[in-house]
Amino acid sequence: MGEKESETAPIWGRTRQSENNNIHPVDVESSALSEQHRSQNRSRGKFRSWFSWLIPCFVIANVVVFVITMYVNNCPKKSGDCFAGFLGRFSFQSTRENPLLGPSSLTLRTMGGLDVKKVVEGDEGWRLLSCNWLHGGVVHLLVNMLTLLFIGMRMEREFGFIRIGLLYLISGFGGSILSALFLRSNISVGASGAVFGLLGGMLSEIFINWTIYTNKVVTIITLVLIVAVNLGLGVLPGVDNFAHIGGFATGFLLGFVLLIRPHYGWINQRSDPAAKPHKYNICQAILWTVSLLLLLGWFIAGLISLFNNVDGNTHCSWCHYLSCVPTSRWSCNREPASCTTTQLGNQLSMTCLRNGKSGSYILANSSDSRINSLCVQLCR
């Protein structure tokens with residue numbers, strides 16, 4: 001379904017077999033022999049190409065889920081203090097509460113955000129998947145979807161919707177597991193882990209298909225720099241870098257399993273009936289086997305640890321620096337906002353337990369969402 005035959009180069013450009021199309025025999029006995037060589041070389045350069053439709057569907061699904069989330073959020077009714085009020089029910093929480101232009105953390109939790117307590121104690125393991133379809137705001141959504149379109153569509157055209165769809169979904173799941181093991185008290189949402197999984201798959205695909213590429217060293221350096229810069233930005237506060245790391249690692253291992261191609265020797269000799277080379281060489285077989293075993297081991301160990309309520313930070317005292325590095329300009333305190341409240345008539349008195357700040361508010365209708373919004377602002 002959705003596939004066609006055409007001469008295409010793999011995702012990272014020219015391959016050794018595509019270069020053969022420009023090489024012609026020097027000493028031939030006849031024009032017929034020359035034409036035979038050209039015909040064989042053209043056949044070696046053929047790769048199957050797919051029409052990209054799944055990745056755009058993923059993008060549409062993420063956008064639809066965000067619109068539904070904003071509808072459920074209903075800031076004017078539940079909070080009152082909103083940004084872009086002209087949007088009505090779809091207006092954003094105050095930028096002091098959510099600078100990404102999106103819903104409240106309470107709404108994200110309701111819609112299926114990754115809440116470790118609910119996953120472990122409430123048997124809501126489905127949140128490990130649902131959180132990948134939620135986003136903290138318009139800015140968060142735009143960055144992830146633009147990256148997904150740029151990377152994902154190109155990979156889908158090269159490897160097909162089944163392999164890239166599995167790579168995306170399983171990588172997001174792997175990112176959620178690592179995030180849940182280390183970020184124990186925050187709500188985590190976003191497709192970043194799945195997107196990083198695509199980057200990991202792109203890198204491992206070069207290694208597993210090493211023999212068919214000509215510009216692999218430059219490509220690897222470029223890709224490693226892109227990943228390093230993005231992971232470096234993940235140490236800023238408010239970014240779940242554990243989801244990035246978990247998604248990238250899962251995608252890297254999965255790329256060896258899903259994105260393997262026949263080696264150059266098989267492609268070069270498949271038109272020769274006398275030659276019977278193996279489709280995959282020994283290095284590919286080793287990488288495929290080891291990666292599959294590591295992937296299965298990671299998921300089994302990760303899920304067992306998670307549902308036994310293991311806190312990864314107790315076993316790795318420095319790992320929290322992978323997701324946030326404190327400086328004089330910002331704090332890495334990820335504890336959720338928590339406040340004590342006292343209601344006297346229409347007056348609500350509130351004290352943040354994290355920083356000791358107090359505030360008084362006149363509220364006719366003090367809904368849980370409104371109180372939570374005020375608490376978040378007071379604790380910032």
# chains A, B, ... in the order shown; residues from 1 in each chain; ligands from 1
>>> select_by_dssp(residues="range 76-114 of chain A", states="alpha helix (DSSP H)", output="MDAnalysis selection string")
chainID A and resid 76:78 105:111
>>> closest_atom_pairs(of="range 169-256 of chain A", to="range 104-124 of chain A", cutoff="7 Å", atoms="only C-alpha atoms", output="JSON lines")
{"residue": "A:Ala180", "atom": "CA", "partner": "A:Val116", "partner_atom": "CA", "distance": 5.8}
{"residue": "A:Arg184", "atom": "CA", "partner": "A:Val116", "partner_atom": "CA", "distance": 5.9}
{"residue": "A:Asn186", "atom": "CA", "partner": "A:Asp115", "partner_atom": "CA", "distance": 6.8}
{"residue": "A:Ile187", "atom": "CA", "partner": "A:Asp115", "partner_atom": "CA", "distance": 5.3}
{"residue": "A:Ser188", "atom": "CA", "partner": "A:Leu114", "partner_atom": "CA", "distance": 5.0}
{"residue": "A:Val189", "atom": "CA", "partner": "A:Gly113", "partner_atom": "CA", "distance": 5.5}
>>> select_by_dssp(residues="range 131-375 of chain A", states="strand (DSSP E or B)", output="PyMOL selection string")
chain A and resi 188+213+339-344+347-352+358-362
>>> residues_around(residues="range 298-303 of chain A", least_positions_apart="2", cutoff="8 Å", atoms="only C-alpha atoms", output="list in words")
Gly174, Ile177, Leu178, Leu181, Leu294, Leu295, Leu296, Ser305, Leu306 and Phe307 of chain A
>>> write_last_selection(atoms="all heavy atoms", output="compact mmCIF listing (two decimals), in the first residue's frame")
# COMPACT_ATOMS: atom_id res chain seq x y z
N GLY A 174 9.56 4.50 24.77
CA GLY A 174 10.83 4.39 25.49
C GLY A 174 11.20 5.68 26.21
O GLY A 174 11.71 5.65 27.34
N ILE A 177 9.18 5.98 29.44
CA ILE A 177 9.64 5.13 30.54
C ILE A 177 10.81 5.79 31.27
O ILE A 177 10.82 5.84 32.51
CB ILE A 177 10.07 3.74 29.99
CG1 ILE A 177 8.86 2.99 29.46
CG2 ILE A 177 10.75 2.93 31.09
CD1 ILE A 177 9.20 1.67 28.81
N LEU A 178 11.81 6.28 30.52
CA LEU A 178 12.95 6.91 31.18
C LEU A 178 12.53 8.17 31.92
O LEU A 178 13.01 8.44 33.03
CB LEU A 178 14.03 7.24 30.15
CG LEU A 178 15.38 7.68 30.75
CD1 LEU A 178 16.02 6.53 31.52
CD2 LEU A 178 16.34 8.16 29.66
N LEU A 181 10.96 7.28 35.22
CA LEU A 181 11.89 6.77 36.23
C LEU A 181 12.65 7.88 36.94
O LEU A 181 13.09 7.70 38.08
CB LEU A 181 12.89 5.81 35.56
CG LEU A 181 12.35 4.44 35.13
CD1 LEU A 181 13.38 3.68 34.32
CD2 LEU A 181 11.91 3.63 36.34
N LEU A 294 19.33 -5.81 23.45
CA LEU A 294 19.42 -4.64 24.33
C LEU A 294 18.07 -3.92 24.43
O LEU A 294 17.69 -3.45 25.51
CB LEU A 294 20.48 -3.68 23.80
CG LEU A 294 21.94 -4.12 23.94
CD1 LEU A 294 22.87 -3.13 23.26
CD2 LEU A 294 22.31 -4.24 25.43
N LEU A 295 17.37 -3.85 23.32
CA LEU A 295 16.07 -3.18 23.30
C LEU A 295 15.06 -3.91 24.19
O LEU A 295 14.37 -3.29 25.01
CB LEU A 295 15.56 -3.10 21.87
CG LEU A 295 14.43 -2.12 21.56
CD1 LEU A 295 14.88 -0.69 21.83
CD2 LEU A 295 13.99 -2.27 20.11
N LEU A 296 15.01 -5.23 24.05
CA LEU A 296 14.11 -6.02 24.88
C LEU A 296 14.50 -5.92 26.36
O LEU A 296 13.63 -5.79 27.23
CB LEU A 296 14.14 -7.48 24.43
CG LEU A 296 13.52 -7.78 23.05
CD1 LEU A 296 13.73 -9.23 22.67
CD2 LEU A 296 12.04 -7.44 23.03
N SER A 305 11.02 -1.86 36.79
CA SER A 305 11.45 -0.84 37.76
C SER A 305 10.36 0.19 37.98
O SER A 305 10.08 0.59 39.12
CB SER A 305 12.72 -0.15 37.25
OG SER A 305 13.78 -1.06 37.11
N LEU A 306 9.71 0.62 36.90
CA LEU A 306 8.68 1.65 37.02
C LEU A 306 7.50 1.16 37.86
O LEU A 306 7.06 1.85 38.79
CB LEU A 306 8.20 2.06 35.62
CG LEU A 306 7.04 3.05 35.57
CD1 LEU A 306 7.40 4.36 36.27
CD2 LEU A 306 6.63 3.32 34.12
N PHE A 307 6.99 -0.01 37.55
CA PHE A 307 5.80 -0.49 38.26
C PHE A 307 6.12 -1.04 39.65
O PHE A 307 5.20 -1.36 40.41
CB PHE A 307 5.07 -1.52 37.41
CG PHE A 307 4.33 -0.90 36.25
CD1 PHE A 307 4.85 -0.95 34.97
CD2 PHE A 307 3.13 -0.25 36.47
CE1 PHE A 307 4.19 -0.35 33.90
CE2 PHE A 307 2.45 0.34 35.41
CZ PHE A 307 2.98 0.30 34.12
>>> atom_distance(atom1="CA of Cys82 in chain A", atom2="CA of Gly137 in chain A")
13.5 Å
>>> closest_residue(among="A:Ile220, A:Leu169, A:Val376, A:Ile245", to="Phe196 in chain A", atoms="only C-alpha atoms")
A:Ile245
>>> atom_distance(atom1="CA of Leu363 in chain A", atom2="CA of Pro76 in chain A")
13.9 Å
>>> closest_residue(among="A:Leu148, A:Leu142, A:Leu378, A:Leu322", to="Pro56 in chain A", atoms="only C-alpha atoms")
A:Leu148
>>> residues_around(residues="Ile170 in chain A", least_positions_apart="2", cutoff="10 Å", atoms="only C-alpha atoms", output="PyMOL selection string")
chain A and resi 129+164-168+172-176+193-194+197+247+250-251+254
>>> write_last_selection(atoms="C-alpha atoms", output="compact mmCIF listing (two decimals), in the first residue's frame")
# COMPACT_ATOMS: atom_id res chain seq x y z
CA LEU A 129 1.55 6.41 25.40
CA ILE A 164 8.80 4.55 10.44
CA GLY A 165 5.46 4.37 12.24
CA LEU A 166 6.82 1.69 14.58
CA LEU A 167 10.06 3.62 15.06
CA TYR A 168 8.12 6.77 16.04
CA GLY A 172 8.02 7.74 22.26
CA PHE A 173 7.16 4.88 24.60
CA GLY A 174 10.83 4.39 25.49
CA GLY A 175 11.21 8.10 26.22
CA SER A 176 8.18 8.00 28.52
CA GLY A 193 10.87 11.60 22.65
CA ALA A 194 9.37 10.12 19.48
CA GLY A 197 13.77 8.46 18.21
CA GLY A 247 13.56 8.35 22.87
CA THR A 250 15.35 3.60 21.87
CA GLY A 251 15.29 4.89 18.29
CA LEU A 254 15.46 0.17 16.94
>>> atom_distance(atom1="CA of Leu353 in chain A", atom2="CA of Cys375 in chain A")
9.7 Å
>>> residues_around(residues="range 62-70 of chain A", least_positions_apart="4", cutoff="9 Å", atoms="only C-alpha atoms", output="PyMOL selection string")
chain A and resi 57-58+74-75+89-92+102-103+107-108+111+132-138+141+145+191
>>> residues_around(residues="range 203-208 of chain A", least_positions_apart="3", cutoff="10 Å", atoms="only C-alpha atoms", output="number ranges by chain")
A: 10-12, 197-200, 211-213, 216-217, 219-221, 223-224, 227, 248, 251-263, 280-281, 283-288
